[in-house]
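J.: Next comes the structure file input-v7.tsv, holding TSV, C-alpha atoms.
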chain	number	residue	atom	x	y	z
A	1	MET	CA	12.56	24.36	-5.52
A	2	VAL	CA	9.97	26.92	-4.43
A	3	CYS	CA	9.60	27.42	-0.66
A	4	LYS	CA	5.81	26.98	-0.78
A	5	ASP	CA	6.06	23.56	-2.46
A	6	LEU	CA	8.81	22.50	-0.13
A	7	ARG	CA	6.97	23.45	3.04
A	8	SER	CA	4.06	21.19	2.16
A	9	ARG	CA	6.53	18.28	2.38
A	10	LEU	CA	8.26	19.29	5.58
A	11	SER	CA	5.63	17.54	7.68
A	12	ALA	CA	6.34	14.23	5.92
A	13	TYR	CA	10.05	14.96	6.34
A	14	LEU	CA	9.54	15.28	10.10
A	15	ASP	CA	7.74	11.94	10.08
A	16	ARG	CA	10.56	10.30	8.06
A	17	GLU	CA	8.09	9.37	5.35
A	18	LEU	CA	9.99	10.83	2.39
A	19	LYS	CA	12.19	8.93	-0.03
A	20	ASP	CA	15.92	9.43	0.53
A	21	GLU	CA	16.39	11.56	-2.59
A	22	ASP	CA	13.48	13.84	-1.60
A	23	SER	CA	14.89	14.22	1.90
A	24	LYS	CA	18.30	15.17	0.49
A	25	LEU	CA	16.73	17.79	-1.79
A	26	LEU	CA	14.88	19.26	1.16
A	27	GLU	CA	17.99	19.32	3.31
A	28	LEU	CA	19.90	21.11	0.54
A	29	HIS	CA	17.21	23.76	0.42
A	30	LEU	CA	16.97	24.03	4.20
A	31	ALA	CA	20.70	24.64	4.40
A	32	SER	CA	20.28	27.82	2.37
A	33	CYS	CA	16.79	29.06	3.37
A	34	ILE	CA	16.35	30.58	6.81
A	35	ASP	CA	12.55	31.00	6.42
A	36	CYS	CA	12.02	27.31	5.70
A	37	ARG	CA	14.24	26.38	8.62
A	38	LYS	CA	12.13	28.63	10.82
A	39	TYR	CA	8.97	26.99	9.49
A	40	LEU	CA	10.39	23.51	10.22
A	41	GLY	CA	11.18	24.66	13.75
A	42	GLU	CA	7.58	25.81	14.20
A	43	LEU	CA	6.25	22.44	13.04
A	44	LYS	CA	8.56	20.74	15.54
A	45	GLY	CA	7.22	23.09	18.20
A	46	VAL	CA	3.67	22.01	17.39
A	47	ASP	CA	4.66	18.37	17.81
A	48	ARG	CA	6.35	19.15	21.11
A	49	LEU	CA	3.15	20.72	22.40
A	50	LEU	CA	1.07	17.79	21.17
A	51	THR	CA	3.27	15.15	22.73
A	52	GLY	CA	3.27	17.10	25.99
A	53	LEU	CA	-0.41	16.33	26.54
A	54	PRO	CA	-1.06	13.79	29.27
A	55	GLU	CA	-2.52	10.41	28.40
A	56	ILE	CA	-5.61	9.12	30.13
A	57	GLU	CA	-5.65	5.73	31.81
A	58	PRO	CA	-8.39	3.20	31.11
A	59	ALA	CA	-10.88	2.90	33.94
A	60	PRO	CA	-10.08	-0.17	36.04
A	61	GLY	CA	-12.23	-3.18	35.25
A	62	LEU	CA	-12.68	-2.62	31.54
A	63	THR	CA	-11.49	-6.15	30.78
A	64	VAL	CA	-13.81	-7.60	33.43
A	65	ARG	CA	-16.79	-5.68	32.03
A	66	LEU	CA	-15.95	-6.84	28.52
A	67	ILE	CA	-15.71	-10.48	29.54
A	68	SER	CA	-19.00	-10.09	31.40
A	69	ASP	CA	-20.64	-8.64	28.28
A	70	LEU	CA	-19.25	-11.50	26.22
A	71	ASP	CA	-20.67	-14.01	28.70
A	72	LYS	CA	-24.08	-12.38	28.32
A	73	THR	CA	-23.75	-12.61	24.56
A	74	ARG	CA	-22.69	-16.24	24.73
A	75	THR	CA	-25.51	-17.21	27.07
A	76	GLY	CA	-28.01	-15.73	24.61
A	77	THR	CA	-30.25	-18.31	23.04
A	78	GLY	CA	-29.31	-20.23	19.94
A	79	ILE	CA	-32.27	-18.60	18.20
A	80	LYS	CA	-30.77	-15.15	18.85
A	81	LYS	CA	-27.46	-16.22	17.33
A	82	ALA	CA	-29.19	-17.81	14.34
A	83	TRP	CA	-31.18	-14.61	13.86
A	84	GLU	CA	-27.95	-12.58	13.89
A	85	VAL	CA	-26.52	-14.89	11.21
A	86	VAL	CA	-29.61	-14.38	9.04
A	87	LEU	CA	-29.48	-10.60	9.50
A	88	ASN	CA	-25.78	-10.53	8.63
A	89	TRP	CA	-26.48	-12.59	5.52
A	90	VAL	CA	-29.30	-10.26	4.43
A	91	GLU	CA	-27.05	-7.24	5.05
A	92	SER	CA	-24.27	-8.78	2.95
A	93	VAL	CA	-26.74	-9.46	0.09
A	94	PHE	CA	-27.85	-5.83	0.17
A	95	ARG	CA	-24.24	-4.71	0.12
A	96	MET	CA	-23.48	-6.96	-2.87
A	97	TYR	CA	-26.46	-5.65	-4.84
A	98	PRO	CA	-26.75	-1.96	-4.02
A	99	GLY	CA	-29.55	-1.67	-6.59
A	100	ILE	CA	-31.92	-3.49	-4.24
A	101	ARG	CA	-34.07	-1.09	-2.25
A	102	TYR	CA	-36.96	-1.57	0.11
A	103	GLN	CA	-40.29	-0.96	-1.58
A	104	ARG	CA	-42.44	1.54	0.21
A	105	SER	CA	-46.09	0.55	0.18
A	106	GLY	CA	-47.30	3.89	1.45
A	107	THR	CA	-49.96	2.05	3.48
A	108	LEU	CA	-48.66	3.25	6.82
A	109	GLU	CA	-48.08	6.75	5.53
A	110	GLU	CA	-51.82	7.01	4.79
A	111	PHE	CA	-52.37	6.83	8.54
A	112	GLY	CA	-49.95	9.62	9.25
A	113	ASP	CA	-52.87	12.08	9.74
A	114	PHE	CA	-54.97	9.87	11.99
A	115	PRO	CA	-57.92	9.50	11.73
A	116	PRO	CA	-57.65	8.96	7.99
A	117	LEU	CA	-59.69	11.29	5.88
A	118	SER	CA	-61.68	8.41	4.34
A	119	ILE	CA	-62.86	7.17	7.78
A	120	SER	CA	-63.72	10.70	8.87
A	121	CYS	CA	-65.83	11.20	5.73
A	122	ALA	CA	-67.68	7.91	6.36
A	123	TYR	CA	-68.33	8.91	9.98
A	124	PHE	CA	-69.74	12.31	9.11
A	125	SER	CA	-71.85	10.88	6.30
A	126	LEU	CA	-73.34	8.33	8.77
A	127	LEU	CA	-74.04	11.18	11.19
A	128	GLY	CA	-75.78	12.97	8.38
A	129	HIS	CA	-77.97	9.90	7.57
A	130	GLY	CA	-78.87	9.54	11.23
A	131	ARG	CA	-80.49	12.94	11.32
B	132	MET	CA	2.44	-12.72	27.30
B	133	ASP	CA	4.20	-9.37	26.83
B	134	VAL	CA	2.14	-6.25	26.45
B	135	ALA	CA	3.75	-3.98	23.86
B	136	LYS	CA	2.59	-0.67	22.46
B	137	PRO	CA	1.09	-1.09	18.99
B	138	GLY	CA	2.18	0.84	15.95
B	139	ALA	CA	5.89	0.45	16.65
B	140	GLY	CA	6.34	-1.77	13.59
B	141	ASP	CA	7.71	-4.66	15.63
B	142	GLU	CA	7.30	-7.87	13.63
B	143	MET	CA	7.27	-10.05	16.74
B	144	THR	CA	4.43	-8.00	18.17
B	145	GLU	CA	2.55	-8.13	14.89
B	146	ASP	CA	2.94	-11.91	14.70
B	147	SER	CA	1.59	-12.30	18.19
B	148	ASP	CA	-1.26	-9.92	17.38
B	149	TYR	CA	-2.28	-12.27	14.57
B	150	GLN	CA	-2.00	-15.25	16.89
B	151	LEU	CA	-4.19	-13.50	19.44
B	152	ILE	CA	-6.83	-12.71	16.81
B	153	GLN	CA	-6.80	-16.30	15.58
B	154	ALA	CA	-7.22	-17.56	19.13
B	155	ILE	CA	-10.01	-15.07	19.81
B	156	GLY	CA	-11.72	-16.34	16.66
B	157	THR	CA	-11.95	-19.75	18.28
B	158	GLY	CA	-13.51	-18.25	21.43
B	159	ASN	CA	-10.35	-18.03	23.56
B	160	THR	CA	-11.13	-15.39	26.21
B	161	ASN	CA	-7.57	-15.43	27.61
B	162	ALA	CA	-6.32	-14.26	24.23
B	163	PHE	CA	-9.04	-11.62	24.22
B	164	GLU	CA	-7.90	-10.37	27.63
B	165	HIS	CA	-4.32	-10.09	26.34
B	166	LEU	CA	-5.48	-8.17	23.28
B	167	VAL	CA	-7.55	-5.79	25.41
B	168	GLU	CA	-4.59	-5.23	27.75
B	169	ARG	CA	-2.38	-4.45	24.78
B	170	PHE	CA	-4.68	-2.08	22.92
B	171	GLN	CA	-7.08	-0.56	25.44
B	172	LYS	CA	-4.93	2.45	26.32
B	173	PRO	CA	-4.00	3.51	22.77
B	174	VAL	CA	-7.57	2.96	21.55
B	175	LEU	CA	-9.04	4.87	24.50
B	176	ASN	CA	-6.63	7.78	24.03
B	177	PHE	CA	-7.22	7.89	20.27
B	178	ILE	CA	-10.98	8.14	20.76
B	179	PHE	CA	-10.61	10.59	23.66
B	180	ARG	CA	-8.42	12.93	21.63
B	181	TYR	CA	-10.62	12.55	18.59
B	182	LEU	CA	-13.95	13.19	20.36
B	183	GLY	CA	-12.78	15.22	23.34
B	184	ASP	CA	-15.06	13.33	25.72
B	185	ARG	CA	-13.72	10.81	28.20
B	186	PHE	CA	-17.05	9.15	28.98
B	187	ALA	CA	-17.92	8.64	25.32
B	188	ALA	CA	-14.37	7.39	24.73
B	189	GLU	CA	-14.75	4.73	27.43
B	190	ASP	CA	-18.10	3.55	26.05
B	191	ILE	CA	-16.82	3.42	22.49
B	192	THR	CA	-13.61	1.65	23.54
B	193	GLN	CA	-15.75	-1.06	25.09
B	194	GLU	CA	-17.79	-1.35	21.90
B	195	VAL	CA	-14.57	-1.52	19.81
B	196	PHE	CA	-13.39	-4.61	21.69
B	197	LEU	CA	-16.79	-6.29	21.57
B	198	ARG	CA	-16.74	-5.85	17.81
B	199	VAL	CA	-13.19	-7.16	17.62
B	200	TYR	CA	-14.30	-10.26	19.52
B	201	ARG	CA	-17.32	-10.82	17.28
B	202	SER	CA	-15.38	-10.24	14.05
B	203	ALA	CA	-12.13	-12.02	14.95
B	204	GLY	CA	-13.25	-15.25	13.27
B	205	GLY	CA	-13.57	-13.47	9.93
B	206	PHE	CA	-10.38	-11.40	10.20
B	207	ARG	CA	-8.22	-11.56	7.08
B	208	PRO	CA	-4.53	-10.74	7.55
B	209	GLU	CA	-4.39	-8.13	4.77
B	210	GLY	CA	-3.00	-5.43	7.05
B	211	LYS	CA	-1.81	-5.01	10.59
B	212	VAL	CA	-4.10	-5.96	13.45
B	213	SER	CA	-3.55	-2.54	14.99
B	214	SER	CA	-4.73	-0.81	11.79
B	215	TRP	CA	-7.85	-2.97	11.82
B	216	ILE	CA	-8.63	-2.13	15.46
B	217	PHE	CA	-8.04	1.59	14.93
B	218	ARG	CA	-10.26	1.44	11.88
B	219	ILE	CA	-13.10	0.03	13.99
B	220	ALA	CA	-12.42	2.76	16.59
B	221	TYR	CA	-12.41	5.44	13.91
B	222	ASN	CA	-15.66	4.25	12.35
B	223	LEU	CA	-17.42	4.10	15.72
B	224	SER	CA	-16.12	7.59	16.55
B	225	ILE	CA	-17.46	8.90	13.24
B	226	ASN	CA	-20.83	7.32	14.11
B	227	GLU	CA	-20.75	9.13	17.45
B	228	ILE	CA	-19.98	12.45	15.76
B	229	ASN	CA	-22.86	11.91	13.34
B	230	ARG	CA	-25.17	10.99	16.22
B	231	ARG	CA	-24.18	14.18	18.05
B	232	ALA	CA	-24.73	16.22	14.91
B	233	ARG	CA	-28.36	15.14	15.05
B	234	LEU	CA	-28.51	16.31	18.69
B	235	PRO	CA	-27.17	19.87	18.47
B	236	CYS	CA	-27.52	20.56	22.20
B	237	ILE	CA	-24.65	18.23	23.19
B	238	THR	CA	-22.03	18.89	20.52
B	239	GLY	CA	-18.52	20.23	20.21
B	240	ASP	CA	-17.12	23.15	22.10
B	241	ASP	CA	-18.89	22.55	25.40
B	242	GLU	CA	-17.26	19.12	25.57
B	243	LEU	CA	-13.83	20.55	24.88
B	244	ALA	CA	-14.25	23.15	27.58
B	245	ARG	CA	-14.54	20.47	30.26
B	246	PHE	CA	-11.65	18.26	29.13
B	247	PRO	CA	-10.29	16.55	32.19
B	248	ALA	CA	-6.52	16.91	32.46
B	249	PRO	CA	-5.77	14.91	35.60
B	250	ASP	CA	-1.99	14.93	35.28
B	251	ALA	CA	-1.59	18.53	34.23
B	252	THR	CA	-0.43	21.07	36.79
B	253	SER	CA	1.44	24.17	35.66
B	254	HIS	CA	0.79	23.38	32.00
B	255	HIS	CA	-2.94	23.06	32.49
B	256	GLU	CA	-3.92	26.14	30.48
B	257	MET	CA	-1.55	25.31	27.65
B	258	ASN	CA	-2.87	21.75	27.53
B	259	GLN	CA	-6.42	23.10	27.40
B	260	ALA	CA	-5.46	25.35	24.50
B	261	VAL	CA	-3.79	22.49	22.64
B	262	MET	CA	-6.76	20.19	23.19
B	263	LYS	CA	-9.13	22.88	21.99
B	264	SER	CA	-6.98	23.46	18.91
B	265	ILE	CA	-7.00	19.73	18.12
B	266	GLY	CA	-10.77	19.75	18.51
B	267	GLY	CA	-10.98	22.63	16.05
B	268	LEU	CA	-9.32	20.66	13.24
B	269	PRO	CA	-11.46	19.08	10.50
B	270	GLU	CA	-12.33	15.50	11.46
B	271	ASN	CA	-10.13	13.66	8.96
B	272	GLN	CA	-7.11	15.90	9.66
B	273	ARG	CA	-7.59	15.36	13.40
B	274	ALA	CA	-7.78	11.58	13.04
B	275	ALA	CA	-4.69	11.41	10.80
B	276	LEU	CA	-2.64	13.64	13.10
B	277	ILE	CA	-3.60	11.76	16.28
B	278	LEU	CA	-2.81	8.40	14.71
B	279	ARG	CA	0.59	9.70	13.62
B	280	VAL	CA	1.73	11.77	16.60
B	281	TYR	CA	0.28	9.76	19.47
B	282	GLU	CA	-0.02	6.23	18.13
B	283	GLY	CA	3.02	6.28	15.84
B	284	LEU	CA	1.25	4.72	12.86
B	285	SER	CA	2.98	5.01	9.48
B	286	TYR	CA	1.29	6.91	6.64
B	287	SER	CA	0.54	3.57	4.99
B	288	GLU	CA	-1.21	2.27	8.12
B	289	ILE	CA	-3.14	5.52	8.54
B	290	SER	CA	-4.27	5.29	4.91
B	291	LYS	CA	-5.82	1.89	5.72
B	292	VAL	CA	-7.53	3.19	8.85
B	293	LEU	CA	-9.04	6.23	7.10
B	294	SER	CA	-9.55	4.53	3.71
B	295	VAL	CA	-7.63	7.21	1.81
B	296	SER	CA	-4.43	7.19	-0.26
B	297	VAL	CA	-0.97	7.68	1.24
B	298	PRO	CA	-0.49	11.10	-0.49
B	299	SER	CA	-3.83	12.15	1.03
B	300	VAL	CA	-2.55	11.17	4.47
B	301	GLU	CA	0.55	13.30	3.90
B	302	SER	CA	-1.62	16.23	2.90
B	303	LEU	CA	-4.02	15.77	5.84
B	304	ILE	CA	-1.20	15.68	8.38
B	305	PHE	CA	0.58	18.65	6.83
B	306	ARG	CA	-2.59	20.76	6.82
B	307	ALA	CA	-3.35	19.73	10.40
B	308	ARG	CA	0.11	20.74	11.64
B	309	ASP	CA	0.05	23.97	9.66
B	310	LYS	CA	-3.37	24.89	11.05
B	311	LEU	CA	-2.29	24.08	14.61
B	312	ARG	CA	0.83	26.18	14.09
B	313	LYS	CA	-1.34	29.18	13.19
B	314	LEU	CA	-3.89	28.50	15.95
B	315	LEU	CA	-1.27	28.13	18.66
B	316	GLU	CA	0.60	31.22	17.47
B	317	ASP	CA	-2.44	33.38	18.29
Once you've parsed the file, please lay out its structure as structure tokens.
T.:
Amino acid sequence: MVCKDLRSRLSAYLDRELKDEDSKLLELHLASCIDCRKYLGELKGVDRLLTGLPEIEPAPGLTVRLISDLDKTRTGTGIKKAWEVVLNWVESVFRMYPGIRYQRSGTLEEFGDFPPLSISCAYFSLLGHGR
Amino acid sequence: MDVAKPGAGDEMTEDSDYQLIQAIGTGNTNAFEHLVERFQKPVLNFIFRYLGDRFAAEDITQEVFLRVYRSAGGFRPEGKVSSWIFRIAYNLSINEINRRARLPCITGDDELARFPAPDATSHHEMNQAVMKSIGGLPENQRAALILRVYEGLSYSEISKVLSVSVPSVESLIFRARDKLRKLLED
């Protein structure tokens, strides 16, 4: 077994995710290869540093805030809940048929450069007639 | 009800996780409180280590549990409850990263520089370096490594959380460790 191939599996070996026969092959190699043993030691060192990091504690009152948020949700009107059901249904239809796309009318885009050119032209032509 | 750390592969815990989800699906807030008590710390720490921002982690953790509550009725026991919850946390964290990518002024390294490390004393600088190195990993490698090292999820569970194959998980975690090894050597 080539060291390079073996090293790519040492991480899974550390995590005890290899099959027994693969682990035994690795251990055979490790017994005779000082460089791979050194590499394994370095990976273990990385894990030691990682697990040395402190954990953070949840802010007190998270559960209370969550229950409060749920209460707000539950006290929402029946119409709001029904609307959520409809929206979820529409979303699921769109997921089932990814070919469906919204059609763009372009109507709103015409007003992107307000005032629209057509209205401006009419205005200036009226000004012209007035003179 | 006992509060056990998820990801340990305990069948009793997993059974009670399912029972909690079923009860939450019927609107049982006591069951919801138990579930929050059980998972809030691992979920918060996963998001914190993934994003490197405590405040965002707290907000997203709250959103994770609200989504769990809303979706509990439709939960299908195809995998572990913990994998499902971490998947929601992962997806919301990805959304946050994408949102920040659209707002370049509040991204990345600045956040890592002000990591709070309340319990660290003499190891403060080393912890800062390790946190910064974790933050420098590609997103999927970072997520896989955190789920493995800190939350103790198996490769199979991680594959469900990240929606990738088990060999991909092995590769992600190997590359993450190898990169950290080089980064921390310097």
J.: Which polymer residues, whether protein, DNA or RNA, lie within 12 Å of the coordinate (-0.8, 6.2, 4.5) when you count only C-alpha atoms? List them as a PDB file with C-alpha atoms, in the coordinates of the input, using the chain letters and numbers from the file.
T.:
ATOM      1  CA  ALA A  12       6.340  14.230   5.920  1.00  0.00           C
ATOM      2  CA  ASP A  15       7.740  11.940  10.080  1.00  0.00           C
ATOM      3  CA  GLU A  17       8.090   9.370   5.350  1.00  0.00           C
ATOM      4  CA  LEU A  18       9.990  10.830   2.390  1.00  0.00           C
TER       5      LEU A  18
ATOM      6  CA  SER B 214      -4.730  -0.810  11.790  1.00  0.00           C
ATOM      7  CA  ALA B 275      -4.690  11.410  10.800  1.00  0.00           C
ATOM      8  CA  LEU B 276      -2.640  13.640  13.100  1.00  0.00           C
ATOM      9  CA  LEU B 278      -2.810   8.400  14.710  1.00  0.00           C
ATOM     10  CA  ARG B 279       0.590   9.700  13.620  1.00  0.00           C
ATOM     11  CA  GLY B 283       3.020   6.280  15.840  1.00  0.00           C
ATOM     12  CA  LEU B 284       1.250   4.720  12.860  1.00  0.00           C
ATOM     13  CA  SER B 285       2.980   5.010   9.480  1.00  0.00           C
ATOM     14  CA  TYR B 286       1.290   6.910   6.640  1.00  0.00           C
ATOM     15  CA  SER B 287       0.540   3.570   4.990  1.00  0.00           C
ATOM     16  CA  GLU B 288      -1.210   2.270   8.120  1.00  0.00           C
ATOM     17  CA  ILE B 289      -3.140   5.520   8.540  1.00  0.00           C
ATOM     18  CA  SER B 290      -4.270   5.290   4.910  1.00  0.00           C
ATOM     19  CA  LYS B 291      -5.820   1.890   5.720  1.00  0.00           C
ATOM     20  CA  VAL B 292      -7.530   3.190   8.850  1.00  0.00           C
ATOM     21  CA  LEU B 293      -9.040   6.230   7.100  1.00  0.00           C
ATOM     22  CA  SER B 294      -9.550   4.530   3.710  1.00  0.00           C
ATOM     23  CA  VAL B 295      -7.630   7.210   1.810  1.00  0.00           C
ATOM     24  CA  SER B 296      -4.430   7.190  -0.260  1.00  0.00           C
ATOM     25  CA  VAL B 297      -0.970   7.680   1.240  1.00  0.00           C
ATOM     26  CA  PRO B 298      -0.490  11.100  -0.490  1.00  0.00           C
ATOM     27  CA  SER B 299      -3.830  12.150   1.030  1.00  0.00           C
ATOM     28  CA  VAL B 300      -2.550  11.170   4.470  1.00  0.00           C
ATOM     29  CA  GLU B 301       0.550  13.300   3.900  1.00  0.00           C
ATOM     30  CA  SER B 302      -1.620  16.230   2.900  1.00  0.00           C
ATOM     31  CA  LEU B 303      -4.020  15.770   5.840  1.00  0.00           C
ATOM     32  CA  ILE B 304      -1.200  15.680   8.380  1.00  0.00           C
TER      33      ILE B 304
END
J.: Counting all atoms listed in the file, which residues of range 257-283 of chain B sit at most 8 Å from some atom of range 158-178 of chain B, and what is each one's closest atom pair with its distance in Å to one decimal, listed by chain and rising residue number, as a tab-separated table?
T.:
residue	atom	partner	partner_atom	distance
B:Ile277	CA	B:Phe177	CA	6.6
B:Leu278	CA	B:Phe177	CA	7.1
B:Tyr281	CA	B:Phe177	CA	7.8
B:Glu282	CA	B:Pro173	CA	6.7
J.: Residues within 9 Å of Met262 in chain B, please, as a PyMOL selection string. Count all atoms listed in the file; anything in the same chain fewer than 4 positions from it doesn't count.
T.: (chain A and resi 50+53) or (chain B and resi 180+183+243+246+257-258+266-267)
J.: Please save C-alpha atoms of the selected residues as a compact mmCIF listing (two decimals), in the frame of the given file.
T.:
# COMPACT_ATOMS: atom_id res chain seq x y z
CA LEU A 50 1.07 17.79 21.17
CA LEU A 53 -0.41 16.33 26.54
CA ARG B 180 -8.42 12.93 21.63
CA GLY B 183 -12.78 15.22 23.34
CA LEU B 243 -13.83 20.55 24.88
CA PHE B 246 -11.65 18.26 29.13
CA MET B 257 -1.55 25.31 27.65
CA ASN B 258 -2.87 21.75 27.53
CA GLY B 266 -10.77 19.75 18.51
CA GLY B 267 -10.98 22.63 16.05
J.: Quick one: pull the distance between CA of Glu57 in chain A and CA of Phe186 in chain B, Å, one decimal.
T.: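 CA of Phe186 in chain B lies 12.2 Å from CA of Glu57 in chain A.
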J.: Taking only residues of chain A that have an atom at most 9 Å from an atom of chain B, what is each one's shortest atom pair and its distance in Å to one decimal, using all atoms listed in the file, in chain and number order, as CSV?
T.:
residue,atom,partner,partner_atom,distance
A:Arg7,CA,B:Phe305,CA,8.8
A:Ser8,CA,B:Phe305,CA,6.4
A:Arg9,CA,B:Phe305,CA,7.4
A:Leu10,CA,B:Phe305,CA,7.8
A:Ser11,CA,B:Phe305,CA,5.2
A:Ala12,CA,B:Glu301,CA,6.2
A:Asp15,CA,B:Arg279,CA,8.3
A:Glu17,CA,B:Tyr286,CA,7.3
A:Glu42,CA,B:Arg312,CA,6.8
A:Leu43,CA,B:Arg308,CA,6.5
A:Gly45,CA,B:Arg312,CA,8.2
A:Val46,CA,B:Arg312,CA,6.0
A:Asp47,CA,B:Val280,CA,7.3
A:Leu49,CA,B:Val261,CA,7.2
A:Leu50,CA,B:Val261,CA,6.9
A:Thr51,CA,B:Tyr281,CA,7.0
A:Gly52,CA,B:Asn258,CA,7.9
A:Leu53,CA,B:Asn258,CA,6.0
A:Pro54,CA,B:Asp250,CA,6.2
A:Glu55,CA,B:Asn176,CA,6.6
A:Ile56,CA,B:Asn176,CA,6.3
A:Glu57,CA,B:Lys172,CA,6.4
A:Pro58,CA,B:Lys172,CA,6.0
A:Ala59,CA,B:Glu189,CA,7.8
A:Leu62,CA,B:Gln193,CA,7.3
A:Thr63,CA,B:Glu164,CA,6.4
A:Val64,CA,B:Glu164,CA,8.7
A:Arg65,CA,B:Gln193,CA,8.4
A:Leu66,CA,B:Gln193,CA,6.7
A:Ile67,CA,B:Thr160,CA,7.5
A:Asp69,CA,B:Leu197,CA,8.1
A:Leu70,CA,B:Leu197,CA,7.4
